[in-house]
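Asker: Got a file for you: work00.txt, compact mmCIF, C-alpha atoms.
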```txt
# COMPACT_ATOMS: atom_id res chain seq x y z
CA MET W 249 123.02 106.67 76.18
CA GLY W 250 124.68 103.37 77.05
CA LEU W 251 124.78 103.57 80.86
CA GLY W 252 121.34 105.18 81.30
CA THR W 253 119.67 102.70 78.97
CA LEU W 254 121.44 99.82 80.67
CA ALA W 255 120.11 101.09 84.03
CA VAL W 256 116.54 101.27 82.68
CA ARG W 257 116.81 97.83 81.08
CA GLY W 258 118.44 96.33 84.18
CA THR W 259 115.70 97.67 86.44
CA VAL W 260 112.48 97.65 84.43
CA GLY W 261 113.20 94.41 82.55
CA PRO W 262 113.71 92.10 85.54
CA LEU W 263 110.84 93.74 87.45
CA PHE W 264 108.51 92.99 84.56
CA VAL W 265 109.75 89.40 84.39
CA GLY W 266 108.81 89.18 88.07
CA HIS W 267 105.49 90.94 87.55
CA GLY W 268 104.53 88.57 84.74
CA THR W 269 105.59 85.43 86.62
CA GLN W 270 103.56 86.58 89.62
CA LYS W 271 100.51 86.40 87.38
CA LEU W 272 101.46 83.18 85.61
CA PHE W 273 103.00 81.05 88.36
CA GLY W 274 102.47 82.84 91.67
CA TRP W 275 106.22 83.46 91.99
CA PHE W 276 107.56 86.35 94.09
CA ASN W 277 104.48 86.38 96.35
CA GLY W 278 102.17 86.66 93.34
CA HIS W 279 98.60 85.43 93.17
CA GLY W 280 99.06 82.92 90.36
CA LEU W 281 96.99 82.34 87.27
CA ASP W 282 93.64 81.38 88.81
CA ALA W 283 93.47 84.28 91.27
CA THR W 284 94.69 86.72 88.62
CA ALA W 285 92.04 85.39 86.26
CA GLY W 286 89.39 86.04 88.91
CA GLY W 287 90.64 89.60 89.35
CA PHE W 288 90.56 90.16 85.60
CA GLU W 289 87.00 88.81 85.43
CA SER W 290 85.96 91.36 88.06
CA MET W 291 87.41 94.12 85.84
CA GLY W 292 85.30 92.93 82.91
CA LEU W 293 88.15 91.14 81.14
CA ARG W 294 86.56 87.87 80.08
CA PRO W 295 87.52 85.12 79.96
CA GLY W 296 89.77 86.03 82.85
CA LYS W 297 92.18 83.16 82.35
CA ARG W 298 92.91 84.11 78.74
CA HIS W 299 93.51 87.73 79.72
CA ALA W 300 95.68 86.73 82.70
CA LEU W 301 97.78 84.47 80.45
CA ALA W 302 98.16 87.22 77.85
CA ALA W 303 99.11 89.86 80.43
CA GLY W 304 101.51 87.58 82.32
CA ALA W 305 103.18 86.35 79.14
CA SER W 306 103.47 89.89 77.72
CA GLU W 307 105.05 91.18 80.92
CA ALA W 308 107.42 88.23 81.39
CA LEU W 309 108.49 88.03 77.74
CA GLY W 310 108.66 91.80 77.34
CA GLY W 311 110.74 92.07 80.51
CA ALA W 312 113.11 89.30 79.41
CA LEU W 313 113.62 90.85 75.97
CA LEU W 314 114.13 94.29 77.50
CA THR W 315 116.69 92.92 79.97
CA LEU W 316 118.65 91.32 77.13
CA GLY W 317 118.18 94.28 74.83
CA ALA W 318 116.81 91.88 72.22
CA PHE W 319 114.01 92.85 69.82
CA THR W 320 113.70 96.03 71.85
CA PRO W 321 110.76 97.53 69.89
CA LEU W 322 108.80 94.31 70.51
CA ALA W 323 109.68 94.43 74.22
CA ALA W 324 108.49 98.05 74.34
CA SER W 325 105.21 97.07 72.63
CA LEU W 326 104.50 94.18 74.99
CA ILE W 327 105.14 96.22 78.12
CA THR W 328 103.27 99.25 76.76
CA GLY W 329 100.23 97.12 75.95
CA THR W 330 99.91 95.86 79.51
CA MET W 331 100.44 99.35 80.94
CA VAL W 332 97.82 100.89 78.64
CA THR W 333 95.35 98.19 79.64
CA ALA W 334 96.08 98.84 83.32
CA ILE W 335 95.42 102.55 82.80
CA ARG W 336 92.21 101.95 80.87
CA LYS W 337 90.74 99.24 83.06
CA VAL W 338 91.93 100.25 86.54
CA HIS W 339 93.75 103.53 87.03
CA ALA W 340 92.21 106.17 84.70
CA PRO W 341 89.23 107.07 86.91
CA ASN W 342 91.56 107.73 89.86
CA GLY W 343 93.48 110.60 88.26
CA PRO W 344 97.23 110.74 87.73
CA TRP W 345 98.72 110.23 91.18
CA VAL W 346 99.71 106.74 92.27
CA THR W 347 98.93 107.65 95.88
CA GLY W 348 95.27 107.69 94.89
CA GLY W 349 95.46 104.59 92.69
CA GLY W 350 96.19 106.68 89.59
CA TRP W 351 98.11 106.07 86.38
CA GLU W 352 101.41 107.93 86.95
CA TYR W 353 103.50 104.75 87.37
CA ASN W 354 102.08 103.25 84.17
CA ALA W 355 102.74 106.45 82.22
CA VAL W 356 106.36 106.57 83.41
CA ILE W 357 106.89 102.99 82.23
CA ILE W 358 105.37 103.79 78.81
CA ALA W 359 107.62 106.86 78.50
CA ALA W 360 110.66 104.77 79.44
CA MET W 361 109.73 102.21 76.77
CA ALA W 362 109.45 104.98 74.18
CA ALA W 363 112.89 106.33 75.18
CA VAL W 364 114.57 102.92 75.01
CA ALA W 365 112.98 102.14 71.64
CA ASP W 366 114.02 105.56 70.34
CA HIS W 367 117.63 105.49 71.55
CA GLY W 368 118.11 101.74 71.30
CA PRO W 369 119.12 99.35 74.07
CA GLY W 370 122.75 100.46 74.06
CA PRO W 371 125.98 98.74 73.09
CA LEU W 372 125.74 96.06 75.82
CA SER W 373 122.75 94.31 74.30
CA VAL W 374 121.76 91.72 71.74
CA ASP W 375 120.32 94.40 69.45
CA GLY W 376 123.40 96.58 69.91
CA ARG W 377 125.48 93.70 68.62
CA LEU W 378 123.23 92.24 65.92
CA MET W 379 120.86 95.07 64.90
CA PRO W 380 122.46 98.36 65.92
CA ARG W 381 120.22 100.38 63.60
CA ALA W 382 116.94 98.99 65.02
CA LYS W 383 116.09 102.21 66.85
CA GLY W 384 114.87 105.74 66.24
CA PRO W 385 111.74 107.86 66.55
CA LEU W 386 109.81 105.95 63.89
CA LEU W 387 110.41 102.60 65.59
CA ALA W 388 109.61 104.14 68.98
CA ALA W 389 106.30 105.54 67.70
CA LEU W 390 105.50 102.23 66.03
CA ALA W 391 106.33 100.25 69.20
CA ILE W 392 104.14 102.44 71.41
CA GLY W 393 101.37 102.52 68.80
CA VAL W 394 101.35 98.74 68.51
CA GLY W 395 101.17 98.47 72.31
CA VAL W 396 98.18 100.84 72.46
CA ALA W 397 96.45 99.07 69.57
CA GLY W 398 97.11 95.69 71.19
CA SER W 399 95.47 96.85 74.41
CA TYR W 400 92.33 97.96 72.59
CA LEU W 401 92.24 94.84 70.43
CA ALA W 402 92.65 92.48 73.40
CA THR W 403 89.88 94.16 75.39
CA SER W 404 87.26 94.60 72.67
CA PRO W 405 84.79 92.15 71.14
CA PRO W 406 85.07 89.44 69.95
CA ILE W 407 88.25 88.73 71.93
CA ASN W 408 86.79 90.05 75.18
CA GLU W 409 83.52 88.28 75.87
CA GLY W 410 81.97 90.96 78.08
CA GLU W 411 79.23 90.17 80.58
CA PRO W 412 78.10 86.54 80.53
CA GLN W 413 74.53 86.17 79.27
CA PRO W 414 72.21 83.53 80.76
CA GLU W 415 70.91 80.88 78.44
CA PRO W 416 67.29 81.43 77.26
CA GLN W 417 65.99 78.22 78.91
CA ALA W 418 67.60 79.14 82.23
CA THR W 419 65.98 82.60 82.06
CA GLU W 420 62.54 81.12 81.33
CA THR W 421 62.88 78.64 84.21
CA ALA W 422 64.04 81.33 86.63
CA THR W 423 61.15 83.59 85.60
CA ALA W 424 58.67 80.75 86.05
CA TYR W 425 59.95 80.03 89.57
CA ALA W 426 59.90 83.73 90.44
CA ASN W 427 56.21 83.84 89.39
CA GLY W 428 55.36 80.75 91.43
CA ASP W 429 55.00 78.44 88.43
CA ARG W 430 56.45 74.97 88.30
CA ALA W 431 59.43 74.26 86.10
CA PRO W 432 58.33 73.08 82.63
CA GLU W 433 60.09 69.71 83.01
CA ALA W 434 58.46 69.16 86.42
CA ALA W 435 54.93 70.13 85.29
CA GLY W 436 54.31 66.84 83.49
CA THR W 437 55.65 64.60 86.26
CA GLN W 438 53.63 65.86 89.22
CA ALA W 439 49.91 65.48 89.66
```
Let me see the structure of the file written as structure tokens.
Answerer:
Amino acid sequence: MGLGTLAVRGTVGPLFVGHGTQKLFGWFNGHGLDATAGGFESMGLRPGKRHALAAGASEALGGALLTLGAFTPLAASLITGTMVTAIRKVHAPNGPWVTGGGWEYNAVIIAAMAAVADHGPGPLSVDGRLMPRAKGPLLAALAIGVGVAGSYLATSPPINEGEPQPEPQATETATAYANGDRAPEAAGTQA
């Protein structure tokens, strides 16, 4: 599976480097870290900047490793984790088809990562040269499983902060103003 795997690595890997650097640095007409963080906040991924950094770094590093065919199971895990999160947080409610904003693209990428981890990156790779036996169905299942687990871990408490809660004093002050009362700190200064 040398040529086919090389084609997958040579396409998916560089595209994920680009996808990650769009998030991190705004390269390739990307939005950059701050805008990506704002988008992640709107999806309930808080703090947005931490999630944007994690997603961008996972995509860029995973894509670079995949391109080189180095630590291929790790590359598969990193890319799978971001794709699972995209399915869970954005695409799942839209059904499978990408034309309706669905998850088909993400699922194809996950399947490709499983195939590359199973068959190995091929002879023209770092792993092919240094770790030719770092492949197989067990490693593929482990790589995909770690990616799925990473997605759930990164988006669940306490890592994901959820909806911001107002401070108790701010809530009391807002309630007082809504009821027509003066703010507690202003009550003693006005006659």
Asker: Could you put an axis-aligned box around every listed atom of region 333-336 of chain W, padded by 5 Å on each side, and send me its centre and edge lengths in Å to one decimal, as AutoDock Vina command-line options?
Answerer:
```
--center_x 94.1 --center_y 100.4 --center_z 81.5 --size_x 13.9 --size_y 14.4 --size_z 13.7
```
Asker: In Å, rounded to a single decimal, give me how far CA of Ala318 (chain W) is from CA of Asp375 (chain W).
Answerer: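 Value for the CA of Asp375 (chain W)-CA of Ala318 (chain W) distance: 5.1 Å.
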Asker: Of the candidates W:Leu401, W:Gly393, W:Gly261, W:Gly304, which shows the shortest atom-to-atom distance to Gly278 (chain W), using only C-alpha atoms?
Answerer: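 Closest candidate: W:Gly304.
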Asker: Write out as a PyMOL selection string the residues lying within 9 Å of region 385-392 of chain W, counting all atoms listed in the file and excluding same-chain residues fewer than 6 positions away.
Answerer: chain W and resi 320-326+328-329+358+361-367
Asker: Any idea what's packed within 10 Å of Leu372 (chain W), counting all atoms listed in the file, ignoring anything in its chain fewer than 2 positions away? Could you give it as an MDAnalysis selection string?
Answerer: chainID W and resid 250:251 253:254 316:317 369:370 374:377
Asker: Show which residues sit within 10 Å of Thr259 (chain W), as an MDAnalysis selection string. Count all atoms listed in the file, and ignore same-chain residues fewer than 4 positions away.
Answerer: chainID W and resid 253:255 263:264 311 314:315
Asker: Ranking W:Ile327, W:Leu272, W:Ala283, W:Ile407 by minimum distance to Ala360 (chain W) and counting all atoms listed in the file, which one comes first?
Answerer: W:Ile327
Asker: Between CA of Gly395 (chain W) and CA of His299 (chain W), measure the distance and give it in Å to one decimal.
Answerer: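 Between CA of Gly395 (chain W) and CA of His299 (chain W) the gap works out to 15.1 Å.
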Asker: May I ask for the distance between CA of Gly287 (chain W) and CA of Ala355 (chain W), given in Å to one decimal place?
Answerer: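 Answer for the CA of Gly287 (chain W) to CA of Ala355 (chain W) separation: 21.9 Å.
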